[in-house]
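Q: So that we are looking at the same thing, I have put the structure below in structure tokens.
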Amino acid sequence: MDKTACAVAVMMLAAVCGGGAPLFAGDRPDSARGRLPDGPSPVEVAAKLANLFLSTEPDLYRPAGYRAPKAYGGRQLIHYSVVSLWVNALECAHAAGDADLERRLIAAFEPAYGEKKIWMNEYRHVDLSIVGAIPLEIAILTGDERAKKLGLRYADRQWEAPREGQDWGERWYDPIPLAERQAWWEKGYSPETRLWLDDMYMITLLQSQAYRLTGERKYIERAAKEMCLYLERLPRPDGLFNHAPEAPFVWGRGNGWLAAAMAMNLKYLPADSEWRAPILAGYRRMMAALLRWQRPNGLWGQLVDDPESYDETSATAMFAYAFAEGVNAGVLGDDYRAAAGRAYRALVARLDDYGNLPDVCVGTGWKNDRHHYLTRPKANGDPHGQAPLLWLCAALAAAGRPLPPEPAAGAAAEPSLSSAQDIARFESGGALARDPSEKPVDAPKDMKLVLCMGQSNMAGRAEMTDADRAVVPRAYKLDRDGRWVAAKAPYHFDKAVAAVGPVDEFVRRYLADHPGESVGVVPCAVGGSPFSSWDPPPKGPRKGANYAAALARAKIAQANGRFIAILWHQGETDAAKAKDETALNDAYPRDVARMMTALRAELGEGDVPVIAGEIGRWMRPDGDHAARINPGIGKIPSLLSNAAVVSSEGLANQDRHHFDREGQRILGGRYYDAFKSLERRTAAQ
């Protein structure tokens, strides 16, 4: 989502969010249909929930409109659900560019260093250790050394050798025998292991935060190993999970914790981790099962597979979040994106005027009794529901595109390119459906690899011919599932409109010049994506989802060869939203150079050539978009070794956004000519 647009939306919302003002203008929509024709965006909803959180005490959560059996915290602890709420409120405020909201959320933690030190408990229990995620998030955002030291203390001690005593939290939770804790620790697992489904979210959040802050793989790897233990011990044959071995019931929120944890783990786990494949397999099985059980109103039941159980909102938000993150990562298709949109609309339609989510099942221990689950009380505004709704808002906003529209009669009018939002709207279609003719193949192990990054003009939108659809001998492409298939257009699959792009001609030219070689294309471009989605950690720890996905796919590809080129074409979205072209042309080349330097280092590919392309020179509907960014693109070789830029001079467009087929053919040839020039220069040196 466009950061400027987010900030504007948040400022507009702030004017009406005080004192329990209505979240919705006009009549409340029909919640049974789950439609919200003119309802608030994920950014607006997130701001409402974050401000509601700030209106109450973190250690006695009880905001206006709250109706639940208890207020969490007892003025001594920050409950794990409130921790998640706080962390994700920070994430949403940062993503929206709402500096004031972010500042207030950070300031609310200041008492933890002084008069509220009791918040940072000393109990070594999975539900209590998670409190370290708050200072870790603050350290990620601000670099605060106090927060870093405090947060890492919890992440590190979660894997320390256990010891006897009251540090285990017996005062708050059932004790775990020392011998049991010791046995888990000796096998490389956390002594806090309980084999409860919700453990996986608590552990994964804390350890992934530590990984994002430090870059040390031990944190995310041990969380992944722990998850594989749970996936091995607890699943049912259908991919869902019983609440406990003694309770054969698919409790919604229990499954929701695990679904969210798998999505989060896969988001950060390096592609070469030994734990990635089993987690991805378990995740896909679970998501497929959940998709089948979503109800027509967009919600899931208190017991997922029991049609007689009531609609339950916390599990719904968790499942929709897991769907949205999978779509963002490119491992789930458009049917999951549509399902996440239906769930979001259904949830937001139920919020009260304060921003409280109703129909949240209260805390529930396992019991071998169906009636126990069917009659559990429901709360209004319980943080178990508020927190996952914030997760969902963050994931939807990070997608950088609007939700799928509700069905409407008639075709949409042709979009203009007057803003970044218009580009995102044009690019809002789902991923290209799988081509059933594309089957995995045994690709050569010595291929020359080409990594394609950027937005829609790299992905390709030019009209295809029958010749483009023909398989290219000795060429392969990495499909969305990380498998090699025979290469043909479209090489990309980011949108249903994916078609001919510059890599098509680049590949043909390379193969013609190198008759004894094979080429492997790694398509990673995403239409409508701003540079922030390609910005790697530590500057872009949250927004760099496209960078993370490209890095993961590139590492998979390296098992079959080495990279000879990185092709980059991006900037239309950033040019459309730029207010200061001088600042953009100064910052953009530095950002690209920094990103490519990090990518080369993580791939271990040394000085692999990087070739960037100018955006189309016709792009000027409300000002000269090309002039806003092409000069900056031209500076990239001065800031990055072994790099080149190709011109868009004279290339025609087929619509207001994209090069036509001939333009893409010429552009691909220019990319290849620039590649050859860099090759000759390297050889001469």
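FYI, nothing fancy with the structure tokens labels: chains A, B, ... in order, residues from 1 per chain, ligands from 1 as they appear.
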With a distance cut-off of 12 Å and only C-alpha atoms, select the neighbouring residues of range 669-684 of chain A, excluding the residue or stretch itself and same-chain residues fewer than 4 positions from it, and output the selection as a PyMOL selection string.

A: chain A and resi 450+452+458+501-514+564-569+607-614+637+641-649+651+662-665

Q: Leaving out Val362 in chain A and any residue of its chain fewer than 5 positions from it, which residues lie within 7 Å of it when counting only C-alpha atoms, given as an MDAnalysis selection string?

A: chainID A and resid 376:379

Q: Would you write out those residues with N, CA and C atoms, as a PDB file, in the first residue's frame?

A:
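Contents of part_13.pdb, freshly written:
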```
ATOM      1  N   ARG A 376     -18.871 -22.409  24.903  1.00  0.00           N
ATOM      2  CA  ARG A 376     -17.918 -21.461  25.482  1.00  0.00           C
ATOM      3  C   ARG A 376     -18.432 -20.042  25.304  1.00  0.00           C
ATOM      4  N   PRO A 377     -18.294 -19.180  26.344  1.00  0.00           N
ATOM      5  CA  PRO A 377     -18.785 -17.797  26.229  1.00  0.00           C
ATOM      6  C   PRO A 377     -18.016 -17.022  25.162  1.00  0.00           C
ATOM      7  N   LYS A 378     -18.641 -15.951  24.693  1.00  0.00           N
ATOM      8  CA  LYS A 378     -18.022 -15.073  23.699  1.00  0.00           C
ATOM      9  C   LYS A 378     -17.817 -13.684  24.303  1.00  0.00           C
ATOM     10  N   ALA A 379     -16.675 -13.090  24.005  1.00  0.00           N
ATOM     11  CA  ALA A 379     -16.322 -11.779  24.531  1.00  0.00           C
ATOM     12  C   ALA A 379     -16.369 -10.729  23.426  1.00  0.00           C
TER      13      ALA A 379
END
```

Q: One decimal, in Å: what's the spacing between CA of Lys148 in chain A and CA of Leu136 in chain A?

A: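 Between these atoms lies a distance of 5.7 Å.
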
Q: Need to verify the contact set: Ala71 in chain A, 7 Å, only C-alpha atoms, exclusion of same-chain residues closer than 3 positions in sequence. Can you return it as a PyMOL selection string?

A: chain A and resi 60-62

Q: For the residues in that selection, give me N, CA, C and O atoms as a PDB file, in the first residue's frame.

A:
```
ATOM      1  N   LEU A  60      -3.812  -4.149  32.482  1.00  0.00           N
ATOM      2  CA  LEU A  60      -5.205  -4.362  32.897  1.00  0.00           C
ATOM      3  C   LEU A  60      -6.087  -3.967  31.716  1.00  0.00           C
ATOM      4  O   LEU A  60      -6.745  -2.935  31.722  1.00  0.00           O
ATOM      5  N   TYR A  61      -6.054  -4.805  30.687  1.00  0.00           N
ATOM      6  CA  TYR A  61      -6.692  -4.468  29.415  1.00  0.00           C
ATOM      7  C   TYR A  61      -8.211  -4.452  29.579  1.00  0.00           C
ATOM      8  O   TYR A  61      -8.836  -5.489  29.799  1.00  0.00           O
ATOM      9  N   ARG A  62      -8.789  -3.234  29.461  1.00  0.00           N
ATOM     10  CA  ARG A  62     -10.226  -3.089  29.661  1.00  0.00           C
ATOM     11  C   ARG A  62     -10.676  -1.773  29.022  1.00  0.00           C
ATOM     12  O   ARG A  62     -11.045  -0.827  29.712  1.00  0.00           O
TER      13      ARG A  62
END
```

Q: Neighbours of Cys92 in chain A within 12 Å (only C-alpha atoms; same-chain residues fewer than 2 positions away dropped), as a PyMOL selection string?

A: chain A and resi 1+3+6-7+10+42-51+85-90+94-99+101-102+105+137+141+387+389-398+542-543
